[in-house]
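Visitor: Dumping the structure here so I can ask a few things about it.
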Amino acid sequence: MINKSLIFSLLLFSGVTSSAQKTAVKPMAQLIDEEFRFATSQYKVLARNITPGKTPQSYQDGKPINKEITWWCSGFYSGSLWYIFEQTKDVAIKKQAEEALKLIEPNQTYTGNHDLGFMMYCSFGNAYRITGKPEYKAIINRSAESLASRYHEPVKAIQSWNKSKYWEYPVIIDNMMNLEMMNWVSDQGGDPKYKEISINHANTTLKNHFRPDFSSYHVIDYNPETGAVRRKATWQGAADCSAWSRGQGWALYGYIMMYRFTKNEAYLAQARGIAKFILNHPNLPADKIPFWDFDAQGIPYAKRDASAGALIASALLELGQYTPEDETKTYKAAAETMIYSLSTDAYRAKPGTNGGFLLMHSTGAYPLNIEIDVPLIYADYYYLEALARYKKWYLGNQK
Ligand code: GLY
């Protein structure tokens, strides 16, 4: 059903063109179907731009950017392909997905960073969910063991990056996302220690990463011997005290996911607080696709981060599964606005363009002058996930 207030607000806001207004009146079921069909053809364009042995990351200045398999994003390509295959059953997409999985298999023993959850669960997790192949489950289990090697009891958190001249024991808010794999492995008959690690990590993060308004710091650096907080800082945000948009999205998604696995009300309360911070923020644009940082200089002319919009949309759709009906309506309407916005010409690429990526206008690391206003593989991944979640949860008989 079309949400009339959504159409009204879309017609009013200035950030999206008249094509957005046309798209806004499209029923969500039709939009989702069209977007998956578009993705099926567009990802065949993307496949042609991949350097053998690498995974697609972005497209900048007319050139594809591919990365080595230990890059934190290496699982999003196969994960996106599995989401597409699940909806369209396109056999060429399935073959692409299987090849992309094969390439990153060696990551299961990688221990160089905390990103194993992104790399191995977004990929093999979706592959296992869709195919049920036991070999995929074994790889996820092995990956959880590798990730567990970065957990240390004095801090009670998984170390994100290795010690460097900047940090002793950095833990970034993004790391909440890696807990999904850990919880899943324990719940699927694996060692319960992975879930215990996740709970400890989530509790440590709850204690130290958040401000009273539910916004999150990006990096907390710990003393590895005592677990004391050494510094609260940023790496990808506008300032130590700012609210880096994707980080707020990781926090939101992370605590909703932790609630799914534990039913701990404190995690749900945290997620609601984060959602409130994001959705009521005066700097959230009318199309609900955040600027790269809620405190970025130059708002309203600052760059957007479509990846944050896609990620937050997907997270809000899950949050709405756990809340009373009135509250669910708010999250659903916000997610709809985000999805509609992303599906317009303002963000969604025209067929055959954008190096084969679906979405434009994401920002990877503005202060480092890396990936500014470009397509990013994880923006596509969370956009596809949001579309699939909307279809599963909001177009059936469930609320
Ligand atoms: N996990 C890194 C990022 O969000 O850019």
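So you can find residues: chains in the structure tokens are A, B, ... in the order shown, residues in each start at 1, and ligands are numbered from 1 in order.
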For ligand 1, list the contacting residues at 8 Å or closer, counting only C-alpha atoms and all ligand atoms, as a VMD selection string.
Guide: chain A and resid 72 115 174 to 175 236 246 to 247 250 364 to 365
Visitor: Would you return as a PyMOL selection string the members of region 184-354 of chain A that DSSP assigns to helix (DSSP H, G or I) on this structure's backbone?
Guide: chain A and resi 184-187+193-208+245-262+265-279+306-319+325-342+354
Visitor: Could you check the closest approach to Phe294 (chain A) for each of A:Phe38, A:Ser245, A:Gly309, A:Tyr259 and tell me which residue wins, using only C-alpha atoms?
Guide: A:Ser245
Visitor: Counting only C-alpha atoms, figure out which residue out of A:Ala388, A:Met120, A:Met258, A:Leu311 gets nearest to Lys137 (chain A).
Guide: A:Met120
Visitor: According to DSSP computed on the backbone, where in region 11-168 of chain A is there strand (DSSP E)? Give the residues as a PyMOL selection string.
Guide: chain A and resi 55-60+63-67+151-152+157-158
Visitor: Please write the residues from the selection above to a file, keeping N, CA, C and O atoms, as an mmCIF file, in the first residue's frame.
Guide:
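The resulting file, selection_16.cif, is reproduced below:
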```cif
data_model
loop_
_atom_site.group_PDB
_atom_site.id
_atom_site.type_symbol
_atom_site.label_atom_id
_atom_site.label_comp_id
_atom_site.auth_asym_id
_atom_site.auth_seq_id
_atom_site.Cartn_x
_atom_site.Cartn_y
_atom_site.Cartn_z
ATOM 1 N N THR A 55 38.199 -8.212 -5.547
ATOM 2 C CA THR A 55 36.757 -8.021 -5.376
ATOM 3 C C THR A 55 36.410 -6.553 -5.628
ATOM 4 O O THR A 55 37.190 -5.656 -5.322
ATOM 5 N N PRO A 56 35.215 -6.321 -6.213
ATOM 6 C CA PRO A 56 34.854 -4.943 -6.590
ATOM 7 C C PRO A 56 34.534 -4.075 -5.380
ATOM 8 O O PRO A 56 33.810 -4.503 -4.486
ATOM 9 N N GLN A 57 35.068 -2.864 -5.393
ATOM 10 C CA GLN A 57 34.870 -1.951 -4.271
ATOM 11 C C GLN A 57 34.143 -0.680 -4.692
ATOM 12 O O GLN A 57 33.222 -0.241 -4.035
ATOM 13 N N SER A 58 34.591 -0.100 -5.837
ATOM 14 C CA SER A 58 34.046 1.201 -6.221
ATOM 15 C C SER A 58 34.347 1.467 -7.695
ATOM 16 O O SER A 58 34.920 0.604 -8.392
ATOM 17 N N TYR A 59 33.963 2.647 -8.124
ATOM 18 C CA TYR A 59 34.215 3.084 -9.493
ATOM 19 C C TYR A 59 34.455 4.576 -9.425
ATOM 20 O O TYR A 59 33.563 5.330 -9.017
ATOM 21 N N GLN A 60 35.682 4.986 -9.755
ATOM 22 C CA GLN A 60 36.032 6.394 -9.576
ATOM 23 C C GLN A 60 36.755 6.927 -10.799
ATOM 24 O O GLN A 60 37.658 6.247 -11.314
ATOM 25 N N LYS A 63 37.102 4.659 -13.650
ATOM 26 C CA LYS A 63 37.900 3.424 -13.491
ATOM 27 C C LYS A 63 37.358 2.545 -12.367
ATOM 28 O O LYS A 63 37.064 3.040 -11.273
ATOM 29 N N PRO A 64 37.283 1.226 -12.646
ATOM 30 C CA PRO A 64 36.872 0.317 -11.564
ATOM 31 C C PRO A 64 37.952 0.243 -10.491
ATOM 32 O O PRO A 64 39.146 0.231 -10.808
ATOM 33 N N ILE A 65 37.522 0.198 -9.237
ATOM 34 C CA ILE A 65 38.453 0.010 -8.118
ATOM 35 C C ILE A 65 38.183 -1.387 -7.552
ATOM 36 O O ILE A 65 37.081 -1.657 -7.065
ATOM 37 N N ASN A 66 39.172 -2.248 -7.636
ATOM 38 C CA ASN A 66 39.053 -3.603 -7.085
ATOM 39 C C ASN A 66 40.045 -3.755 -5.938
ATOM 40 O O ASN A 66 41.087 -3.100 -5.931
ATOM 41 N N LYS A 67 39.714 -4.612 -5.000
ATOM 42 C CA LYS A 67 40.556 -4.729 -3.799
ATOM 43 C C LYS A 67 40.933 -6.179 -3.549
ATOM 44 O O LYS A 67 40.232 -7.107 -3.961
ATOM 45 N N TYR A 151 39.819 -11.368 20.524
ATOM 46 C CA TYR A 151 39.121 -11.005 21.774
ATOM 47 C C TYR A 151 40.068 -11.191 22.948
ATOM 48 O O TYR A 151 40.747 -12.219 23.045
ATOM 49 N N HIS A 152 40.116 -10.212 23.830
ATOM 50 C CA HIS A 152 40.974 -10.328 25.010
ATOM 51 C C HIS A 152 40.187 -9.948 26.256
ATOM 52 O O HIS A 152 39.531 -8.911 26.317
ATOM 53 N N ALA A 157 36.426 -7.058 24.762
ATOM 54 C CA ALA A 157 35.984 -6.626 23.432
ATOM 55 C C ALA A 157 36.962 -7.174 22.397
ATOM 56 O O ALA A 157 38.129 -7.452 22.712
ATOM 57 N N ILE A 158 36.464 -7.303 21.186
ATOM 58 C CA ILE A 158 37.303 -7.755 20.066
ATOM 59 C C ILE A 158 38.102 -6.552 19.571
ATOM 60 O O ILE A 158 37.521 -5.484 19.309
#
```
Visitor: With distances taken over only C-alpha atoms, which of A:Asp380, A:Asp287, A:Asp90, A:Asp33 is nearest to Ala334 (chain A)?
Guide: A:Asp287
Visitor: When you look at Pro300 (chain A) with a cut-off of 9 Å (counting only C-alpha atoms), what residues show up, excluding the ones that are within fewer than 5 positions of it in the same chain? I need them as a PyMOL selection string.
Guide: chain A and resi 283+285+291
Visitor: Tell me which of A:Asp293, A:Glu68, A:Glu99, A:Asp213 sits closest to Lys276 (chain A), counting only C-alpha atoms.
Guide: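 Ranking A:Asp293, A:Glu68, A:Glu99, A:Asp213 by distance to Lys276 (chain A), first place goes to A:Asp213.
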Visitor: Which residue is closest to Leu376 (chain A)? Choose from A:Thr337, A:Thr344, A:Gln270, A:Ser307 and count only C-alpha atoms.
Guide: A:Ser307
